[in-house]
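Novice: Next comes the structure file target10.pdb, holding PDB, C-alpha atoms.
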```
ATOM      1  CA  MET V   1     -71.599 -29.828 -16.193
ATOM      2  CA  ASP V   2     -68.681 -28.931 -18.465
ATOM      3  CA  ALA V   3     -70.354 -30.691 -21.362
ATOM      4  CA  ILE V   4     -73.662 -28.847 -20.923
ATOM      5  CA  LEU V   5     -71.858 -25.496 -20.727
ATOM      6  CA  PHE V   6     -69.795 -26.354 -23.796
ATOM      7  CA  TYR V   7     -72.824 -27.288 -25.873
ATOM      8  CA  ILE V   8     -74.739 -24.162 -24.844
ATOM      9  CA  LEU V   9     -71.802 -21.883 -25.695
ATOM     10  CA  ALA V  10     -71.044 -23.747 -28.937
ATOM     11  CA  PHE V  11     -74.698 -23.494 -29.981
ATOM     12  CA  LEU V  12     -74.737 -19.750 -29.264
ATOM     13  CA  ALA V  13     -71.467 -19.224 -31.171
ATOM     14  CA  VAL V  14     -72.700 -21.133 -34.243
ATOM     15  CA  ALA V  15     -76.147 -19.514 -34.102
ATOM     16  CA  GLY V  16     -74.603 -16.042 -33.870
ATOM     17  CA  GLY V  17     -72.338 -16.775 -36.831
ATOM     18  CA  LEU V  18     -75.192 -18.161 -38.941
ATOM     19  CA  LEU V  19     -77.404 -15.174 -38.130
ATOM     20  CA  MET V  20     -74.549 -12.827 -39.017
ATOM     21  CA  VAL V  21     -74.080 -14.278 -42.499
ATOM     22  CA  SER V  22     -77.816 -14.590 -43.181
ATOM     23  CA  LEU V  23     -79.323 -11.335 -41.853
ATOM     24  CA  LYS V  24     -79.847  -8.592 -44.412
ATOM     25  CA  ASN V  25     -79.285  -5.686 -42.030
ATOM     26  CA  PRO V  26     -75.589  -5.322 -41.076
ATOM     27  CA  LEU V  27     -76.516  -3.835 -37.692
ATOM     28  CA  SER V  28     -78.441  -6.978 -36.658
ATOM     29  CA  GLY V  29     -75.520  -8.953 -38.078
ATOM     30  CA  ALA V  30     -73.074  -7.025 -35.891
ATOM     31  CA  PHE V  31     -75.125  -7.771 -32.775
ATOM     32  CA  SER V  32     -75.303 -11.495 -33.629
ATOM     33  CA  LEU V  33     -71.522 -11.434 -34.119
ATOM     34  CA  ILE V  34     -71.174  -9.928 -30.623
ATOM     35  CA  LEU V  35     -73.242 -12.852 -29.275
ATOM     36  CA  SER V  36     -70.910 -15.243 -31.087
ATOM     37  CA  LEU V  37     -67.775 -13.487 -29.808
ATOM     38  CA  CYS V  38     -69.040 -13.488 -26.216
ATOM     39  CA  SER V  39     -69.799 -17.235 -26.331
ATOM     40  CA  LEU V  40     -66.293 -17.779 -27.745
ATOM     41  CA  ALA V  41     -64.956 -15.797 -24.769
ATOM     42  CA  GLY V  42     -66.801 -18.247 -22.514
ATOM     43  CA  LEU V  43     -65.165 -21.154 -24.349
ATOM     44  CA  PHE V  44     -61.743 -19.519 -23.848
ATOM     45  CA  ALA V  45     -62.487 -19.317 -20.133
ATOM     46  CA  MET V  46     -63.378 -23.039 -20.140
ATOM     47  CA  LEU V  47     -59.937 -23.704 -21.672
ATOM     48  CA  HIS V  48     -58.175 -21.888 -18.761
ATOM     49  CA  ALA V  49     -57.186 -18.958 -20.996
ATOM     50  CA  GLU V  50     -58.203 -16.138 -18.686
ATOM     51  CA  PHE V  51     -55.947 -13.517 -20.278
ATOM     52  CA  VAL V  52     -57.330 -14.212 -23.749
ATOM     53  CA  PHE V  53     -60.841 -14.328 -22.253
ATOM     54  CA  ILE V  54     -60.442 -10.782 -20.885
ATOM     55  CA  LEU V  55     -58.918  -9.584 -24.170
ATOM     56  CA  GLN V  56     -61.742 -11.184 -26.164
ATOM     57  CA  ILE V  57     -64.342  -9.236 -24.213
ATOM     58  CA  LEU V  58     -62.378  -5.976 -24.114
ATOM     59  CA  VAL V  59     -60.794  -5.871 -27.560
ATOM     60  CA  TYR V  60     -63.137  -7.950 -29.715
ATOM     61  CA  ALA V  61     -66.618  -7.615 -28.294
ATOM     62  CA  GLY V  62     -65.687  -4.165 -27.024
ATOM     63  CA  ALA V  63     -63.364  -2.111 -29.188
ATOM     64  CA  ILE V  64     -63.554  -3.775 -32.615
ATOM     65  CA  MET V  65     -67.314  -4.286 -32.608
ATOM     66  CA  VAL V  66     -67.881  -0.735 -31.372
ATOM     67  CA  LEU V  67     -65.827   0.429 -34.370
ATOM     68  CA  VAL V  68     -67.913  -1.738 -36.733
ATOM     69  CA  ILE V  69     -71.248  -0.586 -35.271
ATOM     70  CA  PHE V  70     -70.044   3.019 -35.277
ATOM     71  CA  THR V  71     -69.244   2.744 -38.998
ATOM     72  CA  ILE V  72     -72.607   1.090 -39.766
ATOM     73  CA  MET V  73     -74.444   3.881 -37.974
ATOM     74  CA  LEU V  74     -72.238   6.530 -39.597
ATOM     75  CA  LEU V  75     -73.062   5.253 -43.089
ATOM     76  CA  ASN V  76     -76.763   5.168 -42.143
ATOM     77  CA  LEU V  77     -77.653   2.887 -45.055
ATOM     78  CA  LYS V  78     -81.202   2.930 -46.313
ATOM     79  CA  THR V  79     -83.135  -0.238 -46.964
ATOM     80  CA  GLU V  80     -82.774   0.025 -50.735
ATOM     81  CA  GLU V  81     -78.997   0.453 -50.377
ATOM     82  CA  LEU V  82     -78.890  -2.830 -48.468
ATOM     83  CA  GLN V  83     -80.430  -4.757 -51.366
ATOM     84  CA  GLU V  84     -77.771  -7.143 -52.590
ATOM     85  CA  ALA V  85     -77.609  -8.255 -56.183
ATOM     86  CA  PRO V  86     -79.420 -11.608 -56.158
ATOM     87  CA  VAL V  87     -76.969 -14.470 -56.026
ATOM     88  CA  GLY V  88     -77.797 -17.291 -58.376
ATOM     89  CA  TRP V  89     -79.078 -20.477 -56.756
ATOM     90  CA  MET V  90     -76.349 -22.478 -58.443
ATOM     91  CA  ARG V  91     -73.656 -20.284 -56.914
ATOM     92  CA  ALA V  92     -75.281 -20.310 -53.472
ATOM     93  CA  ILE V  93     -75.563 -24.095 -53.448
ATOM     94  CA  LEU V  94     -72.039 -24.494 -54.830
ATOM     95  CA  THR V  95     -70.596 -22.208 -52.126
ATOM     96  CA  ALA V  96     -72.505 -24.003 -49.376
ATOM     97  CA  VAL V  97     -71.448 -27.441 -50.644
ATOM     98  CA  LEU V  98     -67.804 -26.362 -50.971
ATOM     99  CA  CYS V  99     -67.747 -24.902 -47.451
ATOM    100  CA  ALA V 100     -69.475 -27.970 -45.999
ATOM    101  CA  ALA V 101     -67.009 -30.271 -47.795
ATOM    102  CA  ALA V 102     -64.025 -28.254 -46.566
ATOM    103  CA  ALA V 103     -65.403 -28.257 -43.013
ATOM    104  CA  PHE V 104     -65.914 -32.023 -43.244
ATOM    105  CA  GLY V 105     -62.319 -32.420 -44.440
ATOM    106  CA  ALA V 106     -60.987 -30.270 -41.609
ATOM    107  CA  ILE V 107     -62.994 -32.307 -39.099
ATOM    108  CA  GLN V 108     -61.544 -35.513 -40.569
ATOM    109  CA  ILE V 109     -58.003 -34.138 -40.180
ATOM    110  CA  PHE V 110     -58.688 -32.931 -36.630
ATOM    111  CA  GLY V 111     -59.923 -36.426 -35.810
ATOM    112  CA  HIS V 112     -56.315 -37.641 -35.973
ATOM    113  CA  VAL V 113     -55.269 -35.497 -33.002
ATOM    114  CA  GLN V 114     -54.608 -37.852 -30.120
ATOM    115  CA  PRO V 115     -56.448 -36.638 -27.040
ATOM    116  CA  GLN V 116     -54.265 -36.403 -23.967
ATOM    117  CA  ALA V 117     -55.218 -35.329 -20.480
ATOM    118  CA  ILE V 118     -52.628 -32.817 -19.312
ATOM    119  CA  GLN V 119     -53.072 -31.352 -15.871
ATOM    120  CA  VAL V 120     -52.274 -27.671 -16.071
ATOM    121  CA  ALA V 121     -50.816 -25.519 -13.322
ATOM    122  CA  PRO V 122     -53.326 -23.286 -11.486
ATOM    123  CA  ASP V 123     -51.740 -20.165 -12.985
ATOM    124  CA  PHE V 124     -51.916 -21.547 -16.549
ATOM    125  CA  GLY V 125     -53.041 -18.824 -18.933
ATOM    126  CA  SER V 126     -52.977 -16.112 -16.290
ATOM    127  CA  MET V 127     -51.888 -12.633 -17.226
ATOM    128  CA  GLU V 128     -48.516 -13.191 -15.558
ATOM    129  CA  THR V 129     -47.533 -16.397 -17.369
ATOM    130  CA  VAL V 130     -48.732 -15.176 -20.772
ATOM    131  CA  GLY V 131     -47.053 -11.811 -20.222
ATOM    132  CA  ARG V 132     -43.760 -13.455 -19.276
ATOM    133  CA  SER V 133     -43.849 -15.635 -22.380
ATOM    134  CA  MET V 134     -44.823 -12.672 -24.543
ATOM    135  CA  LEU V 135     -41.979 -10.464 -23.327
ATOM    136  CA  SER V 136     -39.272 -13.152 -23.353
ATOM    137  CA  ASP V 137     -39.772 -15.804 -26.065
ATOM    138  CA  PHE V 138     -41.956 -13.651 -28.308
ATOM    139  CA  VAL V 139     -40.502 -10.219 -27.725
ATOM    140  CA  TYR V 140     -39.523  -9.743 -31.366
ATOM    141  CA  PRO V 141     -43.011 -10.494 -32.824
ATOM    142  CA  PHE V 142     -44.432  -8.348 -30.026
ATOM    143  CA  GLU V 143     -42.424  -5.355 -31.238
ATOM    144  CA  VAL V 144     -43.384  -6.063 -34.851
ATOM    145  CA  ILE V 145     -47.074  -6.083 -33.843
ATOM    146  CA  SER V 146     -46.688  -2.666 -32.245
ATOM    147  CA  LEU V 147     -45.128  -1.402 -35.476
ATOM    148  CA  ILE V 148     -48.023  -2.871 -37.493
ATOM    149  CA  LEU V 149     -50.522  -1.143 -35.217
ATOM    150  CA  LEU V 150     -48.687   2.159 -35.656
ATOM    151  CA  VAL V 151     -48.727   1.793 -39.446
ATOM    152  CA  ALA V 152     -52.443   0.890 -39.282
ATOM    153  CA  ILE V 153     -53.222   4.020 -37.237
ATOM    154  CA  VAL V 154     -51.392   6.291 -39.699
ATOM    155  CA  GLY V 155     -52.998   4.484 -42.661
ATOM    156  CA  VAL V 156     -56.507   4.818 -41.225
ATOM    157  CA  VAL V 157     -56.025   8.538 -40.637
ATOM    158  CA  LEU V 158     -54.771   9.008 -44.188
ATOM    159  CA  LEU V 159     -57.581   6.893 -45.694
ATOM    160  CA  ALA V 160     -60.433   8.487 -43.784
ATOM    161  CA  LYS V 161     -59.312  12.061 -44.319
ATOM    162  CA  LYS V 162     -61.295  13.918 -46.963
ATOM    163  CA  VAL V 163     -58.486  16.212 -48.107
ATOM    164  CA  ILE V 164     -54.892  15.245 -47.482
TER     165      ILE V 164
ATOM    166  CA  MET T   1     -72.802 -36.005 -23.598
ATOM    167  CA  GLY T   2     -69.547 -37.389 -22.195
ATOM    168  CA  THR T   3     -66.453 -35.365 -21.433
ATOM    169  CA  ILE T   4     -65.379 -32.506 -23.635
ATOM    170  CA  GLY T   5     -61.984 -33.046 -25.240
ATOM    171  CA  ILE T   6     -59.868 -31.087 -27.668
ATOM    172  CA  HIS T   7     -61.811 -32.582 -30.595
ATOM    173  CA  HIS T   8     -64.987 -30.766 -29.699
ATOM    174  CA  TYR T   9     -63.219 -27.425 -29.694
ATOM    175  CA  LEU T  10     -61.460 -28.177 -32.994
ATOM    176  CA  TYR T  11     -64.712 -29.267 -34.655
ATOM    177  CA  LEU T  12     -66.446 -26.122 -33.433
ATOM    178  CA  SER T  13     -63.528 -24.062 -34.736
ATOM    179  CA  ALA T  14     -63.778 -25.702 -38.178
ATOM    180  CA  ILE T  15     -67.540 -25.106 -38.323
ATOM    181  CA  LEU T  16     -67.193 -21.434 -37.333
ATOM    182  CA  PHE T  17     -64.346 -20.910 -39.805
ATOM    183  CA  PHE T  18     -66.407 -22.219 -42.704
ATOM    184  CA  ILE T  19     -69.485 -20.231 -41.662
ATOM    185  CA  GLY T  20     -67.195 -17.194 -41.966
ATOM    186  CA  ALA T  21     -65.818 -18.417 -45.300
ATOM    187  CA  PHE T  22     -69.377 -18.892 -46.570
ATOM    188  CA  GLY T  23     -70.150 -15.310 -45.551
ATOM    189  CA  VAL T  24     -67.112 -13.986 -47.420
ATOM    190  CA  LEU T  25     -67.900 -15.957 -50.579
ATOM    191  CA  PHE T  26     -71.672 -15.578 -50.593
ATOM    192  CA  ARG T  27     -72.477 -12.089 -49.312
ATOM    193  CA  ARG T  28     -71.939  -8.950 -51.385
ATOM    194  CA  ASN T  29     -72.184  -6.385 -48.579
ATOM    195  CA  LEU T  30     -68.674  -5.218 -47.639
ATOM    196  CA  LEU T  31     -69.645  -4.725 -43.976
ATOM    197  CA  VAL T  32     -70.834  -8.316 -43.677
ATOM    198  CA  ILE T  33     -67.718  -9.560 -45.494
ATOM    199  CA  LEU T  34     -65.513  -7.747 -42.960
ATOM    200  CA  MET T  35     -67.482  -9.202 -40.050
ATOM    201  CA  SER T  36     -67.205 -12.689 -41.585
ATOM    202  CA  ILE T  37     -63.427 -12.271 -41.658
ATOM    203  CA  GLU T  38     -63.580 -11.402 -37.944
ATOM    204  CA  LEU T  39     -65.510 -14.626 -37.326
ATOM    205  CA  MET T  40     -62.889 -16.641 -39.240
ATOM    206  CA  LEU T  41     -60.057 -15.081 -37.213
ATOM    207  CA  ASN T  42     -61.930 -15.946 -34.027
ATOM    208  CA  ALA T  43     -62.364 -19.548 -35.124
ATOM    209  CA  VAL T  44     -58.594 -19.757 -35.634
ATOM    210  CA  ASN T  45     -58.083 -18.257 -32.172
ATOM    211  CA  LEU T  46     -60.274 -20.987 -30.709
ATOM    212  CA  SER T  47     -58.086 -23.712 -32.178
ATOM    213  CA  PHE T  48     -54.942 -21.904 -30.964
ATOM    214  CA  ILE T  49     -56.346 -21.861 -27.432
ATOM    215  CA  ALA T  50     -57.551 -25.467 -27.663
ATOM    216  CA  PHE T  51     -54.100 -26.645 -28.766
ATOM    217  CA  ALA T  52     -52.456 -24.561 -26.020
ATOM    218  CA  ARG T  53     -54.598 -26.399 -23.444
ATOM    219  CA  HIS T  54     -53.861 -29.701 -25.213
ATOM    220  CA  ASN T  55     -50.080 -29.211 -25.054
ATOM    221  CA  GLY T  56     -50.001 -27.482 -21.686
ATOM    222  CA  THR T  57     -48.068 -24.447 -22.932
ATOM    223  CA  THR T  58     -49.122 -20.813 -23.164
ATOM    224  CA  ASP T  59     -47.563 -20.212 -26.600
ATOM    225  CA  GLY T  60     -50.996 -20.502 -28.217
ATOM    226  CA  HIS T  61     -52.301 -17.725 -25.979
ATOM    227  CA  VAL T  62     -49.557 -15.410 -27.246
ATOM    228  CA  ALA T  63     -50.430 -16.366 -30.840
ATOM    229  CA  ALA T  64     -54.099 -15.606 -30.146
ATOM    230  CA  PHE T  65     -53.065 -12.237 -28.736
ATOM    231  CA  PHE T  66     -51.156 -11.461 -31.942
ATOM    232  CA  VAL T  67     -54.132 -12.521 -34.063
ATOM    233  CA  MET T  68     -56.325 -10.142 -32.053
ATOM    234  CA  ALA T  69     -53.913  -7.247 -32.580
ATOM    235  CA  LEU T  70     -53.833  -7.986 -36.319
ATOM    236  CA  ALA T  71     -57.642  -8.229 -36.377
ATOM    237  CA  ALA T  72     -57.870  -4.802 -34.774
ATOM    238  CA  ALA T  73     -55.546  -3.331 -37.418
ATOM    239  CA  GLU T  74     -57.457  -5.117 -40.174
ATOM    240  CA  ALA T  75     -60.831  -3.891 -38.907
ATOM    241  CA  GLY T  76     -59.590  -0.317 -38.665
ATOM    242  CA  ILE T  77     -58.092  -0.222 -42.160
ATOM    243  CA  GLY T  78     -60.950  -2.208 -43.708
ATOM    244  CA  LEU T  79     -63.573   0.123 -42.295
ATOM    245  CA  ALA T  80     -61.585   3.201 -43.347
ATOM    246  CA  ILE T  81     -61.405   1.842 -46.907
ATOM    247  CA  LEU T  82     -65.130   1.086 -46.744
ATOM    248  CA  VAL T  83     -65.934   4.645 -45.660
ATOM    249  CA  MET T  84     -63.797   5.956 -48.532
ATOM    250  CA  VAL T  85     -65.530   3.636 -51.025
ATOM    251  CA  PHE T  86     -68.925   4.764 -49.736
ATOM    252  CA  ARG T  87     -67.901   8.411 -50.114
ATOM    253  CA  ASN T  88     -66.925   7.882 -53.757
ATOM    254  CA  ARG T  89     -69.582   5.380 -54.851
ATOM    255  CA  THR T  90     -72.430   5.819 -52.315
ATOM    256  CA  SER T  91     -72.579   2.042 -52.088
ATOM    257  CA  VAL T  92     -71.155  -0.695 -49.882
ATOM    258  CA  GLN T  93     -71.785  -3.514 -52.355
ATOM    259  CA  ALA T  94     -68.760  -5.417 -53.595
ATOM    260  CA  ASP T  95     -70.400  -5.743 -57.037
ATOM    261  CA  ASP T  96     -70.241  -1.965 -57.568
ATOM    262  CA  LEU T  97     -66.457  -1.877 -57.306
ATOM    263  CA  THR T  98     -65.561  -2.532 -60.935
ATOM    264  CA  LEU T  99     -63.074   0.273 -61.582
ATOM    265  CA  MET T 100     -60.249  -2.140 -62.413
ATOM    266  CA  ARG T 101     -62.460  -4.292 -64.642
ATOM    267  CA  ASP T 102     -64.078  -1.716 -66.936
TER     268      ASP T 102
END
```
Taking this structure as input, can you express it in the form of structure tokens?
Specialist:
Amino acid sequence: MDAILFYILAFLAVAGGLLMVSLKNPLSGAFSLILSLCSLAGLFAMLHAEFVFILQILVYAGAIMVLVIFTIMLLNLKTEELQEAPVGWMRAILTAVLCAAAAFGAIQIFGHVQPQAIQVAPDFGSMETVGRSMLSDFVYPFEVISLILLVAIVGVVLLAKKVI
Amino acid sequence: MGTIGIHHYLYLSAILFFIGAFGVLFRRNLLVILMSIELMLNAVNLSFIAFARHNGTTDGHVAAFFVMALAAAEAGIGLAILVMVFRNRTSVQADDLTLMRD
């Protein structure tokens, strides 16, 4: 059962990613990316990461992708503006071969991880355990992240303003 | 089929990461490049979560949370820069941004 679910979700995630990089229209690409992100959320749930699962749906498939789609619709690109300069076949093949080789190498390295069956507590990955860890062991990075988000908000306002 | 171990998740993460890398290297549309970066960050998140399950600790979940917060900041700033580029150049193609080269 787990295996079937994993393969379905993995197939959807890879298919969404492939569609995203291959579709000409960025709006269709954004929707395929949402498919990919939602299947990844399902995989997080299979790994007992319920907090990250909720965040993935809310923050990624929700907030970030809404921002992306909003920008795509705001720009309202015409078909001729979406025409990309043709990429030479040599470069396309070279990129694909390099990426495939790097993926193969990564898979080889990951093959050395020794699988171990650890039984996790029933509250593993719940909001409470992750929150406790975040506000005790990782409280300093947590504060730094809030600072980064503040800087990003100010930066976005400055960048998007027409006249400062 | 068999049982699903950590390897399957790591392999999937590697494949997704390099699909994203291919998108960044191959596509010239800035919107698609930004979305490919999102896919790469998500692939990294998947391996964080897989290793957290593998080791039985929730540290990886916290790391994934931080990656998500950074991705949100990156998406916001990236899209703001893109809107500014479009306003000045009426184009979202990376090939048209040659101000520093000419």
Novice: Please write the residues picked by the PyMOL selection byres ((chain T) within 6 of (chain V)) on this file as a PyMOL selection string.
Specialist: chain T and resi 4+11+14+18+23+73+77+80
Novice: Would you mind exporting C-alpha atoms of the selected residues as a short mmCIF file (atom, residue, chain, number, x, y, z; two decimals), in the frame of the given file?
Specialist:
```
data_model
loop_
_atom_site.label_atom_id
_atom_site.label_comp_id
_atom_site.auth_asym_id
_atom_site.auth_seq_id
_atom_site.Cartn_x
_atom_site.Cartn_y
_atom_site.Cartn_z
CA ILE T 4 -65.38 -32.51 -23.64
CA TYR T 11 -64.71 -29.27 -34.66
CA ALA T 14 -63.78 -25.70 -38.18
CA PHE T 18 -66.41 -22.22 -42.70
CA GLY T 23 -70.15 -15.31 -45.55
CA ALA T 73 -55.55 -3.33 -37.42
CA ILE T 77 -58.09 -0.22 -42.16
CA ALA T 80 -61.58 3.20 -43.35
#
```
Novice: Using only C-alpha atoms, which residues sit within 8 Å of Leu79 of chain T once same-chain residues fewer than 3 positions away are excluded, as a PyMOL selection string?
Specialist: (chain V and resi 68+71) or (chain T and resi 31+75-76+82-83)
Novice: Any chance you could work out the residue set of the PyMOL selection byres ((chain T and resi 17) around 9) here, as an mmCIF file with C-alpha atoms, keeping the file's coordinate frame?
Specialist:
```cif
data_model
loop_
_atom_site.group_PDB
_atom_site.id
_atom_site.type_symbol
_atom_site.label_atom_id
_atom_site.label_comp_id
_atom_site.auth_asym_id
_atom_site.auth_seq_id
_atom_site.Cartn_x
_atom_site.Cartn_y
_atom_site.Cartn_z
ATOM 1 C CA ALA V 103 -65.403 -28.257 -43.013
ATOM 2 C CA LEU T 12 -66.446 -26.122 -33.433
ATOM 3 C CA SER T 13 -63.528 -24.062 -34.736
ATOM 4 C CA ALA T 14 -63.778 -25.702 -38.178
ATOM 5 C CA ILE T 15 -67.540 -25.106 -38.323
ATOM 6 C CA LEU T 16 -67.193 -21.434 -37.333
ATOM 7 C CA PHE T 18 -66.407 -22.219 -42.704
ATOM 8 C CA ILE T 19 -69.485 -20.231 -41.662
ATOM 9 C CA GLY T 20 -67.195 -17.194 -41.966
ATOM 10 C CA ALA T 21 -65.818 -18.417 -45.300
ATOM 11 C CA PHE T 22 -69.377 -18.892 -46.570
ATOM 12 C CA SER T 36 -67.205 -12.689 -41.585
ATOM 13 C CA ILE T 37 -63.427 -12.271 -41.658
ATOM 14 C CA LEU T 39 -65.510 -14.626 -37.326
ATOM 15 C CA MET T 40 -62.889 -16.641 -39.240
ATOM 16 C CA LEU T 41 -60.057 -15.081 -37.213
ATOM 17 C CA ASN T 42 -61.930 -15.946 -34.027
ATOM 18 C CA ALA T 43 -62.364 -19.548 -35.124
ATOM 19 C CA VAL T 44 -58.594 -19.757 -35.634
#
```
Novice: Taking the file above as input, evaluate the PyMOL selection byres ((chain T and resi 89-101) around 6) and report the hits as a PyMOL selection string.
Specialist: chain T and resi 28-30+85-88+102
Novice: Let's have the selection written as a compact mmCIF listing (two decimals), keeping the file's coordinate frame, with C-alpha atoms.
Specialist:
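Now in selection-v5.txt:
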```
# COMPACT_ATOMS: atom_id res chain seq x y z
CA ARG T 28 -71.94 -8.95 -51.38
CA ASN T 29 -72.18 -6.38 -48.58
CA LEU T 30 -68.67 -5.22 -47.64
CA VAL T 85 -65.53 3.64 -51.02
CA PHE T 86 -68.92 4.76 -49.74
CA ARG T 87 -67.90 8.41 -50.11
CA ASN T 88 -66.92 7.88 -53.76
CA ASP T 102 -64.08 -1.72 -66.94
```
Novice: To one decimal place, how far is atom CA of Ser28 of chain V from atom CA of Val32 of chain T in Å?
Specialist: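 Interatomic distance here is 10.4 Å.
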Novice: Using only the atoms of segment 151-156 of chain V listed in the file, plus 8 Å on each side, state the axis-aligned box centre and edge lengths in Å rounded to one decimal, as JSON.
Specialist:
```
{"center_x": -52.6, "center_y": 3.6, "center_z": -39.9, "size_x": 23.8, "size_y": 21.4, "size_z": 21.4}
```
Novice: So how many Å separate atom CA of Gly78 of chain T and atom CA of Tyr9 of chain T, to one decimal?
Specialist: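 A separation of 28.9 Å between them.
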Novice: Would you mind reading off the distance between atom CA of Ala69 of chain T and atom CA of Ile6 of chain T, one decimal, in Å?
Specialist: 25.1 Å
